[in-house]
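Shown here: target_7.tsv, TSV, C-alpha atoms and all ligand atoms.
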```tsv
chain	number	residue	atom	x	y	z
A	1	MET	CA	18.95	163.87	174.78
A	2	THR	CA	21.34	164.00	171.81
A	3	HIS	CA	25.00	163.07	171.64
A	4	GLU	CA	26.86	164.18	168.53
A	5	VAL	CA	28.19	161.26	166.48
A	6	ASP	CA	31.96	161.48	166.09
A	7	LYS	CA	32.35	163.02	162.60
A	8	SER	CA	35.76	161.40	162.11
A	9	ASP	CA	34.30	157.87	162.49
A	10	SER	CA	33.30	157.09	158.91
A	11	HIS	CA	31.81	153.67	159.76
A	12	LEU	CA	29.50	155.18	162.37
A	13	ASN	CA	28.45	157.99	160.03
A	14	LYS	CA	27.63	155.60	157.18
A	15	VAL	CA	25.57	153.37	159.50
A	16	LYS	CA	23.75	156.46	160.79
A	17	GLU	CA	23.00	157.76	157.28
A	18	PHE	CA	21.73	154.34	156.17
A	19	HIS	CA	19.31	154.14	159.10
A	20	ASP	CA	18.21	157.78	158.84
A	21	ALA	CA	17.14	156.99	155.26
A	22	ASP	CA	15.51	153.69	156.31
A	23	ALA	CA	13.52	155.05	159.28
A	24	LEU	CA	10.20	155.81	157.59
A	25	ARG	CA	9.85	152.48	155.81
A	26	TYR	CA	11.48	150.16	158.38
A	27	ARG	CA	8.30	149.24	160.25
A	28	THR	CA	6.20	148.31	157.19
A	29	ASP	CA	9.05	146.82	155.11
A	30	ARG	CA	10.40	144.48	157.80
A	31	TYR	CA	7.60	143.42	160.14
A	32	ARG	CA	5.34	141.41	157.81
A	33	SER	CA	4.47	137.73	157.76
A	34	ASP	CA	4.01	137.33	153.98
A	35	THR	CA	7.76	137.14	153.31
A	36	CYS	CA	10.31	134.83	154.89
A	37	GLU	CA	12.48	137.81	155.86
A	38	GLY	CA	9.47	139.58	157.40
A	39	LEU	CA	8.58	136.42	159.29
A	40	ALA	CA	12.04	136.55	160.86
A	41	TYR	CA	11.28	139.99	162.34
A	42	VAL	CA	7.79	139.01	163.52
A	43	THR	CA	9.00	135.84	165.24
A	44	ARG	CA	12.05	137.63	166.69
A	45	ARG	CA	9.75	140.16	168.32
A	46	ALA	CA	7.61	137.37	169.85
A	47	ILE	CA	10.67	135.56	171.29
A	48	VAL	CA	12.20	138.76	172.67
A	49	LEU	CA	8.98	139.56	174.51
A	50	SER	CA	8.78	136.03	175.90
A	51	MET	CA	12.40	136.28	177.13
A	52	ALA	CA	11.95	139.76	178.62
A	53	SER	CA	11.38	140.10	182.32
A	54	THR	CA	7.71	140.39	183.29
A	55	ASP	CA	8.27	142.48	186.43
A	56	PRO	CA	7.88	146.13	185.43
A	57	GLY	CA	11.21	147.93	185.69
A	58	ARG	CA	13.62	150.22	183.88
A	59	VAL	CA	14.52	148.94	180.43
A	60	LEU	CA	17.03	150.20	177.88
A	61	ASP	CA	16.24	149.35	174.24
A	62	VAL	CA	19.58	150.08	172.57
A	63	GLY	CA	19.48	150.29	168.76
A	64	CYS	CA	15.73	150.78	169.23
A	65	GLY	CA	15.06	151.70	165.57
A	66	PRO	CA	11.50	153.02	165.13
A	67	GLY	CA	10.53	151.80	168.58
A	68	ILE	CA	8.55	148.64	167.87
A	69	LEU	CA	9.88	146.85	170.96
A	70	THR	CA	9.92	150.13	172.91
A	71	ARG	CA	6.18	150.35	172.52
A	72	ASP	CA	5.63	146.67	173.36
A	73	LEU	CA	7.63	147.10	176.56
A	74	GLN	CA	5.78	150.26	177.52
A	75	GLN	CA	2.52	148.42	177.14
A	76	LYS	CA	3.85	145.79	179.55
A	77	GLY	CA	4.34	148.54	182.15
A	78	HIS	CA	8.12	149.09	181.88
A	79	GLU	CA	9.73	152.51	181.99
A	80	VAL	CA	11.62	152.48	178.69
A	81	TYR	CA	14.80	154.26	177.67
A	82	SER	CA	15.23	154.11	173.89
A	83	ALA	CA	18.67	154.76	172.39
A	84	ASP	CA	19.72	154.86	168.76
A	85	LEU	CA	22.43	156.37	166.60
A	86	SER	CA	19.90	157.59	164.06
A	87	ILE	CA	17.96	160.74	164.87
A	88	GLU	CA	15.29	159.77	162.32
A	89	MET	CA	14.78	156.39	164.02
A	90	ILE	CA	14.45	158.18	167.39
A	91	ARG	CA	11.88	160.52	165.84
A	92	GLU	CA	9.83	157.49	164.71
A	93	ALA	CA	10.23	155.79	168.10
A	94	ARG	CA	9.02	158.92	169.87
A	95	CYS	CA	5.88	159.03	167.66
A	96	ALA	CA	5.18	155.34	168.35
A	97	ALA	CA	5.57	155.87	172.10
A	98	SER	CA	3.26	158.87	172.23
A	99	ALA	CA	0.64	156.80	170.40
A	100	ALA	CA	0.73	154.25	173.26
A	101	ALA	CA	-1.75	156.00	175.51
A	102	GLY	CA	-1.61	155.59	179.26
A	103	SER	CA	1.86	154.01	179.29
A	104	PRO	CA	4.59	154.91	181.80
A	105	SER	CA	7.14	157.56	180.95
A	106	SER	CA	9.65	157.01	178.19
A	107	HIS	CA	13.00	158.57	177.44
A	108	PHE	CA	14.83	158.98	174.13
A	109	VAL	CA	18.55	159.20	173.59
A	110	VAL	CA	20.44	159.73	170.33
A	111	SER	CA	23.62	157.90	171.20
A	112	ASP	CA	26.26	155.45	170.02
A	113	ALA	CA	25.94	152.04	171.72
A	114	SER	CA	29.55	152.19	172.86
A	115	LYS	CA	28.97	155.46	174.81
A	116	ILE	CA	25.42	155.49	176.13
A	117	CYS	CA	24.67	158.57	178.25
A	118	ILE	CA	22.88	156.67	181.01
A	119	SER	CA	24.28	156.31	184.51
A	120	THR	CA	25.88	153.11	185.82
A	121	HIS	CA	23.68	150.29	187.28
A	122	ARG	CA	20.48	152.15	186.32
A	123	MET	CA	18.71	149.46	184.22
A	124	ASP	CA	16.88	146.28	185.23
A	125	MET	CA	16.97	145.00	181.67
A	126	VAL	CA	18.66	145.85	178.35
A	127	LEU	CA	17.55	144.79	174.87
A	128	SER	CA	20.00	144.86	171.99
A	129	ILE	CA	18.08	143.58	168.98
A	130	GLY	CA	19.37	143.92	165.41
A	131	LEU	CA	22.27	146.05	166.62
A	132	MET	CA	25.42	143.95	166.94
A	133	CYS	CA	25.91	143.35	163.19
A	134	TYR	CA	26.33	147.15	162.75
A	135	VAL	CA	28.77	147.62	165.61
A	136	LYS	CA	32.47	147.44	164.69
A	137	ASP	CA	33.63	146.55	168.21
A	138	HIS	CA	30.92	144.47	169.86
A	139	ARG	CA	32.99	144.10	173.04
A	140	GLY	CA	32.74	147.87	173.58
A	141	ALA	CA	28.95	147.68	173.23
A	142	LEU	CA	28.79	144.66	175.57
A	143	SER	CA	30.80	146.42	178.23
A	144	GLU	CA	28.49	149.44	177.96
A	145	ILE	CA	25.40	147.20	178.31
A	146	ARG	CA	27.00	145.63	181.38
A	147	ARG	CA	27.83	149.04	182.85
A	148	VAL	CA	24.25	150.36	182.71
A	149	LEU	CA	22.73	147.10	184.06
A	150	ARG	CA	22.23	146.70	187.79
A	151	PRO	CA	23.89	143.61	189.35
A	152	GLY	CA	21.66	140.62	188.54
A	153	GLY	CA	20.00	142.54	185.66
A	154	ILE	CA	18.98	140.75	182.46
A	155	ALA	CA	19.90	141.47	178.83
A	156	VAL	CA	18.47	139.97	175.64
A	157	ILE	CA	21.00	140.23	172.84
A	158	GLN	CA	20.46	139.31	169.20
A	159	ILE	CA	23.27	138.19	166.92
A	160	ASN	CA	23.55	136.48	163.56
A	161	ASN	CA	23.99	132.71	163.76
A	162	ILE	CA	27.32	132.57	161.91
A	163	ARG	CA	29.45	129.42	162.03
A	164	TRP	CA	31.96	130.25	159.30
A	165	PRO	CA	32.49	134.03	158.95
A	166	GLY	CA	34.60	133.68	155.76
A	167	LEU	CA	31.83	131.76	153.98
A	168	TYR	CA	29.20	134.21	155.23
A	169	ARG	CA	31.23	137.17	154.01
A	170	ALA	CA	31.52	135.62	150.52
A	171	PHE	CA	27.90	134.49	150.36
A	172	VAL	CA	26.06	137.63	151.52
A	173	PRO	CA	26.99	139.88	148.50
A	174	ILE	CA	25.91	137.14	146.06
A	175	TYR	CA	22.61	136.70	147.89
A	176	ARG	CA	21.95	140.45	147.93
A	177	ARG	CA	22.86	140.82	144.28
A	178	LEU	CA	20.46	138.07	143.27
A	179	LYS	CA	17.68	139.63	145.36
A	180	THR	CA	18.27	143.03	143.72
A	181	LEU	CA	18.37	141.47	140.22
A	182	ILE	CA	14.94	139.88	140.59
A	183	GLY	CA	13.60	143.11	142.12
A	184	ALA	CA	12.84	141.60	145.55
A	185	LYS	CA	14.86	144.15	147.50
A	186	ARG	CA	17.31	147.03	147.11
A	187	TYR	CA	20.37	147.43	149.29
A	188	ASP	CA	21.22	151.10	148.68
A	189	GLY	CA	23.59	152.75	151.13
A	190	LEU	CA	25.08	149.56	152.57
A	191	ASP	CA	28.65	150.63	151.84
A	192	PHE	CA	30.04	149.79	155.27
A	193	ASP	CA	31.42	146.61	156.78
A	194	PHE	CA	29.14	144.40	158.82
A	195	ASN	CA	30.27	142.67	161.98
A	196	PHE	CA	30.34	139.06	160.78
A	197	SER	CA	31.89	137.59	163.95
A	198	SER	CA	31.12	133.94	164.53
A	199	ARG	CA	28.59	132.85	167.13
A	200	LYS	CA	31.40	131.12	169.03
A	201	LYS	CA	33.45	134.32	169.22
A	202	PHE	CA	30.43	136.28	170.31
A	203	LEU	CA	29.42	133.77	173.00
A	204	ASP	CA	33.02	133.66	174.29
A	205	ASP	CA	33.09	137.48	174.42
A	206	LEU	CA	29.80	137.55	176.32
A	207	VAL	CA	31.22	135.29	179.01
A	208	GLU	CA	34.53	137.21	179.10
A	209	SER	CA	32.57	140.45	179.51
A	210	GLY	CA	31.05	139.04	182.70
A	211	PHE	CA	27.67	137.75	181.54
A	212	GLN	CA	26.12	134.41	182.41
A	213	VAL	CA	24.18	132.85	179.49
A	214	LEU	CA	20.70	131.77	180.63
A	215	ASP	CA	18.95	130.82	177.39
A	216	ILE	CA	19.44	130.78	173.61
A	217	GLU	CA	16.63	130.75	171.04
A	218	HIS	CA	16.89	130.29	167.26
A	219	TYR	CA	14.84	132.15	164.65
A	220	ASP	CA	14.97	133.26	160.97
A	221	PHE	CA	14.71	130.09	158.92
A	222	ARG	CA	15.53	131.20	155.38
A	223	VAL	CA	16.91	128.37	153.30
A	224	PRO	CA	19.47	130.10	151.07
A	225	PHE	CA	18.06	131.00	147.64
A	226	VAL	CA	14.75	129.14	148.21
A	227	ASP	CA	13.43	132.37	149.77
A	228	ILE	CA	14.40	134.26	146.60
A	229	LEU	CA	13.34	131.74	143.96
A	230	LEU	CA	10.24	130.23	145.65
A	231	PRO	CA	9.09	132.89	148.13
A	232	ARG	CA	5.72	131.37	149.02
A	233	LEU	CA	7.17	127.94	149.68
A	234	SER	CA	9.85	129.62	151.71
A	235	VAL	CA	7.27	131.32	153.99
A	236	ARG	CA	5.56	127.96	154.59
A	237	MET	CA	8.89	126.31	155.32
A	238	GLY	CA	9.86	129.22	157.58
A	239	LYS	CA	6.69	128.78	159.65
A	240	LEU	CA	7.18	125.01	159.93
A	241	MET	CA	10.81	125.35	160.92
A	242	PHE	CA	9.97	128.01	163.46
A	243	ARG	CA	7.55	125.58	165.12
A	244	GLY	CA	10.29	122.93	165.11
A	245	ARG	CA	13.02	125.36	166.16
A	246	HIS	CA	14.04	123.28	169.15
A	247	ARG	CA	15.07	120.42	166.83
A	248	ARG	CA	18.69	120.19	165.84
A	249	LEU	CA	18.01	120.08	162.09
A	250	CYS	CA	15.92	123.27	162.13
A	251	ARG	CA	18.43	125.04	164.34
A	252	TRP	CA	21.06	124.31	161.74
A	253	PHE	CA	19.24	126.48	159.20
A	254	SER	CA	18.57	129.39	161.55
A	255	HIS	CA	20.21	132.74	160.74
A	256	GLY	CA	19.44	134.47	164.03
A	257	LEU	CA	20.08	133.88	167.71
A	258	LEU	CA	18.52	135.54	170.73
A	259	ILE	CA	20.64	135.18	173.83
A	260	LYS	CA	19.32	135.89	177.32
A	261	VAL	CA	22.09	136.74	179.80
A	262	ARG	CA	22.43	137.86	183.39
A	263	LYS	CA	25.01	140.30	184.75
A	301	LIG	C1	17.96	146.61	162.36
A	301	LIG	S1	17.57	148.03	163.32
A	301	LIG	C2	16.81	147.24	164.73
A	301	LIG	C3	15.69	148.04	165.31
A	301	LIG	C4	14.95	147.45	166.50
A	301	LIG	N1	15.83	147.05	167.59
A	301	LIG	C5	14.07	146.30	166.11
A	301	LIG	O1	14.23	145.22	166.69
A	301	LIG	O2	13.19	146.46	165.26
A	301	LIG	C6	19.17	148.45	163.94
A	301	LIG	C7	19.20	149.81	164.65
A	301	LIG	O3	20.47	149.92	165.31
A	301	LIG	C8	20.91	151.28	165.20
A	301	LIG	N2	22.36	151.32	165.36
A	301	LIG	C9	23.32	150.85	164.50
A	301	LIG	N3	24.55	151.08	165.01
A	301	LIG	C10	24.38	151.70	166.21
A	301	LIG	C11	25.26	152.17	167.22
A	301	LIG	N4	26.59	152.06	167.10
A	301	LIG	N5	24.72	152.75	168.32
A	301	LIG	C12	23.39	152.87	168.47
A	301	LIG	N6	22.49	152.44	167.55
A	301	LIG	C13	22.97	151.86	166.43
A	301	LIG	C14	20.43	151.71	163.82
A	301	LIG	O4	20.37	153.11	163.70
A	301	LIG	C15	19.08	151.00	163.72
A	301	LIG	O5	18.03	151.83	164.12
```

In structure tokens, how does this file's structure come out?
Amino acid sequence: MTHEVDKSDSHLNKVKEFHDADALRYRTDRYRSDTCEGLAYVTRRAIVLSMASTDPGRVLDVGCGPGILTRDLQQKGHEVYSADLSIEMIREARCAASAAAGSPSSHFVVSDASKICISTHRMDMVLSIGLMCYVKDHRGALSEIRRVLRPGGIAVIQINNIRWPGLYRAFVPIYRRLKTLIGAKRYDGLDFDFNFSSRKKFLDDLVESGFQVLDIEHYDFRVPFVDILLPRLSVRMGKLMFRGRHRRLCRWFSHGLLIKVRK
């Protein structure tokens, strides 16, 4: 099912174009354990699957990208609905799903997270992983997640672990520029604003939207600039800090949060 993206919304169109161009390389570029950034994706996937409900049910993976979690969930016996703004990401997700032989049916929707074409109370669980930083109005997306969830349904929502948005906003361009200069990564097409809301604001908005927070996990332990200047050391540190992620000191350095909530 495809819903046209509103052509007058320039933010949405830029985000869509960026991800259309990123779709083919996303899986191999991001999910790898030989870089500290890659480790963040690998460990995030493991935590999401441990937080996800084990009883097979209907699951919406919103902002599904190329369907890495979609496929994992299918293999666990869930009936998965995958939604994404990017048609190229949905194409990749569909290929990944058809490669998962013998899994229950899956459904694909090209749709904006703030207007998902799925009926009310239909889902047992919703995953929103790697999505919120691209969404201008995260409260709109939260209310849509709540709408499609059945009463008592579970959502796992990922956000960036931001304490001071102003500092983050100033720091991120410097970090990206340095990474591009040493040839570690290119950031072409990122000419849109990210949602750099603080974790406090986000957690407050979750509760105001009618969710009960059940659990919070920390991941992505990149010590600023060490991951660029000493990448191998940074991977070792990342693994150590991930193991110690329940300690306060490690949590301080985490860049990502996974929040499990109930409607
Ligand atoms: C970083 S990827 C995450 C992919 C996947 N969830 C994962 O964990 O690997 C973010 C995805 O969110 C999608 N996205 C961004 N803004 C969106 C929106 N407003 N509605 C739906 N999907 C969106 C992008 O197209 C992209 O595929």

message: Ranking A:Asp22, A:Thr120, A:Val126, A:Leu131 by minimum distance to ligand LIG 301 (chain A) and counting only C-alpha atoms and all ligand atoms, which one comes first?
response: A:Leu131

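With only C-alpha atoms and all ligand atoms as the atoms that count, the set of residues no farther than 6 Å from ligand LIG 301 (chain A) is Lys16, His19, Gly63, Cys64, Gly65, Ile68, Asp84, Leu85, Ser86, Met89, Ser111, Asp112, Ala113, Ile129, Gly130, Leu131, Tyr134 and Val135 of chain A.
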
- line: If you count all atoms listed in the file, the residue of A:Thr70, A:Phe221, A:Pro173, A:Ala93 closest to Arg236 in chain A turns out to be A:Phe221

query: Skipping near chain neighbours, those fewer than 3 positions away, what residues fall within 12 Å of Lys260 in chain A using all atoms listed in the file, listed as an MDAnalysis selection string?
result: chainID A and resid 47:53 125:129 153:159 203 206 211:218 257 263

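Of note, CA of His107 in chain A and CA of Val59 in chain A are spaced 10.2 Å apart.
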
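Straight-line separation from CA of Arg248 in chain A to CA of Ser33 in chain A: 24.0 Å.
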
- prompt: By how many Å are CA of Arg247 in chain A and CA of Arg30 in chain A apart?
  reply: 26.1 Å

task: Quick one: everything within 9 Å of Lys239 in chain A, counting all atoms listed in the file, minus sequence neighbours fewer than 5 positions away in the same chain. Send it as a ChimeraX atom specification.
output: /A:36,39,221,234,244

Please rebuild range 128-139 of chain A with all heavy atoms and return the result as a CSV table (one decimal), in the coordinates of the input.
```csv
chain,number,residue,atom,x,y,z
A,128,SER,N,19.2,144.4,173.1
A,128,SER,CA,20.0,144.9,172.0
A,128,SER,C,19.6,143.9,170.8
A,128,SER,O,20.1,142.8,170.7
A,128,SER,CB,21.5,144.7,172.4
A,128,SER,OG,22.2,144.5,171.2
A,129,ILE,N,18.7,144.4,170.0
A,129,ILE,CA,18.1,143.6,169.0
A,129,ILE,C,18.4,144.2,167.6
A,129,ILE,O,17.9,145.3,167.3
A,129,ILE,CB,16.5,143.4,169.2
A,129,ILE,CG1,16.2,143.0,170.6
A,129,ILE,CG2,15.9,142.5,168.2
A,129,ILE,CD1,16.8,141.7,171.1
A,130,GLY,N,19.1,143.4,166.8
A,130,GLY,CA,19.4,143.9,165.4
A,130,GLY,C,20.5,144.9,165.4
A,130,GLY,O,20.7,145.6,164.4
A,131,LEU,N,21.2,145.0,166.5
A,131,LEU,CA,22.3,146.0,166.6
A,131,LEU,C,23.7,145.5,166.3
A,131,LEU,O,24.5,146.2,165.6
A,131,LEU,CB,22.2,146.6,168.1
A,131,LEU,CG,23.4,147.5,168.5
A,131,LEU,CD1,23.3,148.9,167.7
A,131,LEU,CD2,23.4,147.8,170.0
A,132,MET,N,24.0,144.4,166.9
A,132,MET,CA,25.4,144.0,166.9
A,132,MET,C,26.1,143.8,165.6
A,132,MET,O,27.3,144.1,165.4
A,132,MET,CB,25.6,142.6,167.7
A,132,MET,CG,25.3,142.8,169.2
A,132,MET,SD,26.5,143.9,170.0
A,132,MET,CE,25.8,144.1,171.6
A,133,CYS,N,25.3,143.5,164.5
A,133,CYS,CA,25.9,143.4,163.2
A,133,CYS,C,26.4,144.7,162.6
A,133,CYS,O,27.2,144.8,161.7
A,133,CYS,CB,25.0,142.7,162.2
A,133,CYS,SG,23.5,143.6,161.9
A,134,TYR,N,25.9,145.8,163.2
A,134,TYR,CA,26.3,147.2,162.8
A,134,TYR,C,27.5,147.7,163.6
A,134,TYR,O,28.0,148.8,163.2
A,134,TYR,CB,25.2,148.1,162.8
A,134,TYR,CG,24.0,147.8,161.9
A,134,TYR,CD1,22.8,147.3,162.4
A,134,TYR,CD2,24.1,147.9,160.5
A,134,TYR,CE1,21.8,146.9,161.6
A,134,TYR,CE2,23.1,147.6,159.7
A,134,TYR,CZ,21.9,147.0,160.3
A,134,TYR,OH,20.9,146.7,159.4
A,135,VAL,N,27.8,147.1,164.7
A,135,VAL,CA,28.8,147.6,165.6
A,135,VAL,C,30.1,147.0,165.3
A,135,VAL,O,30.3,145.8,165.3
A,135,VAL,CB,28.3,147.3,167.1
A,135,VAL,CG1,29.4,147.7,168.0
A,135,VAL,CG2,27.0,148.0,167.4
A,136,LYS,N,31.1,147.9,165.1
A,136,LYS,CA,32.5,147.4,164.7
A,136,LYS,C,33.1,146.6,165.8
A,136,LYS,O,33.6,145.6,165.6
A,136,LYS,CB,33.4,148.6,164.3
A,136,LYS,CG,33.9,148.5,162.9
A,136,LYS,CD,34.9,149.5,162.5
A,136,LYS,CE,34.9,150.9,163.0
A,136,LYS,NZ,35.8,151.8,162.4
A,137,ASP,N,33.0,147.2,167.1
A,137,ASP,CA,33.6,146.6,168.2
A,137,ASP,C,32.5,146.1,169.2
A,137,ASP,O,32.1,146.9,170.0
A,137,ASP,CB,34.6,147.5,168.9
A,137,ASP,CG,35.0,147.1,170.3
A,137,ASP,OD1,35.0,145.8,170.5
A,137,ASP,OD2,35.3,147.9,171.1
A,138,HIS,N,32.1,144.9,169.0
A,138,HIS,CA,30.9,144.5,169.9
A,138,HIS,C,31.3,144.4,171.3
A,138,HIS,O,30.5,144.5,172.2
A,138,HIS,CB,30.3,143.2,169.3
A,138,HIS,CG,31.1,142.0,169.3
A,138,HIS,ND1,31.5,141.3,168.2
A,138,HIS,CD2,31.7,141.3,170.3
A,138,HIS,CE1,32.2,140.3,168.5
A,138,HIS,NE2,32.4,140.2,169.8
A,139,ARG,N,32.6,144.2,171.6
A,139,ARG,CA,33.0,144.1,173.0
A,139,ARG,C,32.8,145.4,173.8
A,139,ARG,O,32.4,145.5,174.9
A,139,ARG,CB,34.4,143.6,173.2
A,139,ARG,CG,34.5,142.1,173.1
A,139,ARG,CD,35.9,141.6,173.1
A,139,ARG,NE,36.6,142.3,171.9
A,139,ARG,CZ,37.7,141.9,171.4
A,139,ARG,NH1,38.4,140.9,172.0
A,139,ARG,NH2,38.2,142.5,170.4
```
